[in-house]
Amino acid sequence: MKCQLCGKKEAEFECIDCGRLICKDCAIFCEFKERGYCVQKLGDIVVYECKGIFCKRCADFTLVHRCYECNVQFCNAILDTLIYECDKCLNKICPDCKEYHISHCDVVFDREKALDRLYKNIHKDNENK
C-alpha cells in the first residue's frame with residue numbers, strides 16, 4: 001500500500017496519532033523509539049508501550065510533553081489515558097504530581113493570551129512558507 005501522506009513510496013509504518021499508513025520518509029520517531037518503549041515512571045505505571053512513530057502532519061504538534069511539576073516526559077500515545085490536564089492552568093500533570101498540583105495550583109488560564117500566542121505562531125509559520 002502507498003504512503004497515505006505523500007502517495008509515492010510504500011507504507012511501512014502507522015502513525016500512532018492519526019492512524020495513517022506512512023513511508024519511512026514521512027515518519028518521525030519520538031525520542032523513546034530507540035528504547036522500543038517508554039520507560040518514564042508515571043504513578044504506578046513504570047513501562048508503557050510506545051511505537052513512537054508519527055506522520056509529519058501529526059508531528060507539527062508537540063511529540064513529547066513534560067509534567068508541569070516534576071518534568072517527567074511522556075509522549076502523545078498516553079496523553080488521553082494517564083495524564084491529567086489541570087482545569088485551572090491547563091498544564092499537563094503526571095499521576096505522581098496530580099494531587100499536589102490540584103491543591104497548590106493558583107494559576108488561571110488566560111484565554112486571550114493563549115489565543116494571541118497561537119495567532120503569532122500561525123502568522124510566523126505562514127511567513128516561513
# chains A, B, ... in the order shown; residues from 1 in each chain; ligands from 1
>>> residues_around(residues="Met1 of chain A", least_positions_apart="3", cutoff="12 Å", atoms="only C-alpha atoms", output="MDAnalysis selection string")
chainID A and resid 4:14 20:23
>>> write_last_selection(atoms="N, CA and C atoms", output="short mmCIF file (atom, residue, chain, number, x, y, z; two decimals), in the first residue's frame")
data_model
loop_
_atom_site.label_atom_id
_atom_site.label_comp_id
_atom_site.auth_asym_id
_atom_site.auth_seq_id
_atom_site.Cartn_x
_atom_site.Cartn_y
_atom_site.Cartn_z
N GLN A 4 0.04 7.15 2.79
CA GLN A 4 -1.16 7.97 2.77
C GLN A 4 -0.85 9.46 2.97
N LEU A 5 0.42 9.78 3.15
CA LEU A 5 0.80 11.18 3.29
C LEU A 5 1.37 11.74 1.99
N CYS A 6 2.35 11.03 1.43
CA CYS A 6 2.96 11.53 0.18
C CYS A 6 2.43 10.81 -1.06
N GLY A 7 1.94 9.57 -0.89
CA GLY A 7 1.41 8.81 -2.00
C GLY A 7 2.46 8.27 -2.96
N LYS A 8 3.74 8.37 -2.62
CA LYS A 8 4.81 7.97 -3.53
C LYS A 8 5.39 6.60 -3.19
N LYS A 9 5.85 6.43 -1.96
CA LYS A 9 6.53 5.19 -1.58
C LYS A 9 5.58 4.23 -0.86
N GLU A 10 6.07 3.01 -0.66
CA GLU A 10 5.29 2.01 0.06
C GLU A 10 5.24 2.37 1.55
N ALA A 11 4.08 2.19 2.15
CA ALA A 11 3.91 2.46 3.58
C ALA A 11 4.58 1.37 4.40
N GLU A 12 5.32 1.77 5.43
CA GLU A 12 5.99 0.82 6.31
C GLU A 12 5.51 0.94 7.75
N PHE A 13 4.93 2.10 8.10
CA PHE A 13 4.57 2.37 9.49
C PHE A 13 3.15 2.91 9.58
N GLU A 14 2.65 2.96 10.81
CA GLU A 14 1.34 3.57 11.07
C GLU A 14 1.53 4.66 12.12
N ARG A 20 -2.64 7.03 10.02
CA ARG A 20 -2.25 6.97 8.61
C ARG A 20 -1.14 5.95 8.41
N LEU A 21 -1.16 5.27 7.28
CA LEU A 21 -0.07 4.39 6.90
C LEU A 21 0.94 5.23 6.16
N ILE A 22 2.18 5.21 6.62
CA ILE A 22 3.19 6.15 6.10
C ILE A 22 4.50 5.45 5.75
N CYS A 23 5.23 6.07 4.82
CA CYS A 23 6.54 5.56 4.42
C CYS A 23 7.61 6.08 5.38
#
>>> atom_distance(atom1="atom CA of Glu99 of chain A", atom2="atom CA of Ala114 of chain A")
25.2 Å
>>> residues_around(residues="segment 104-107 of chain A", least_positions_apart="2", cutoff="6 Å", atoms="only C-alpha atoms", output="PyMOL selection string")
chain A and resi 89+101-102
>>> atom_distance(atom1="atom CA of Phe54 of chain A", atom2="atom CA of Cys18 of chain A")
8.2 Å
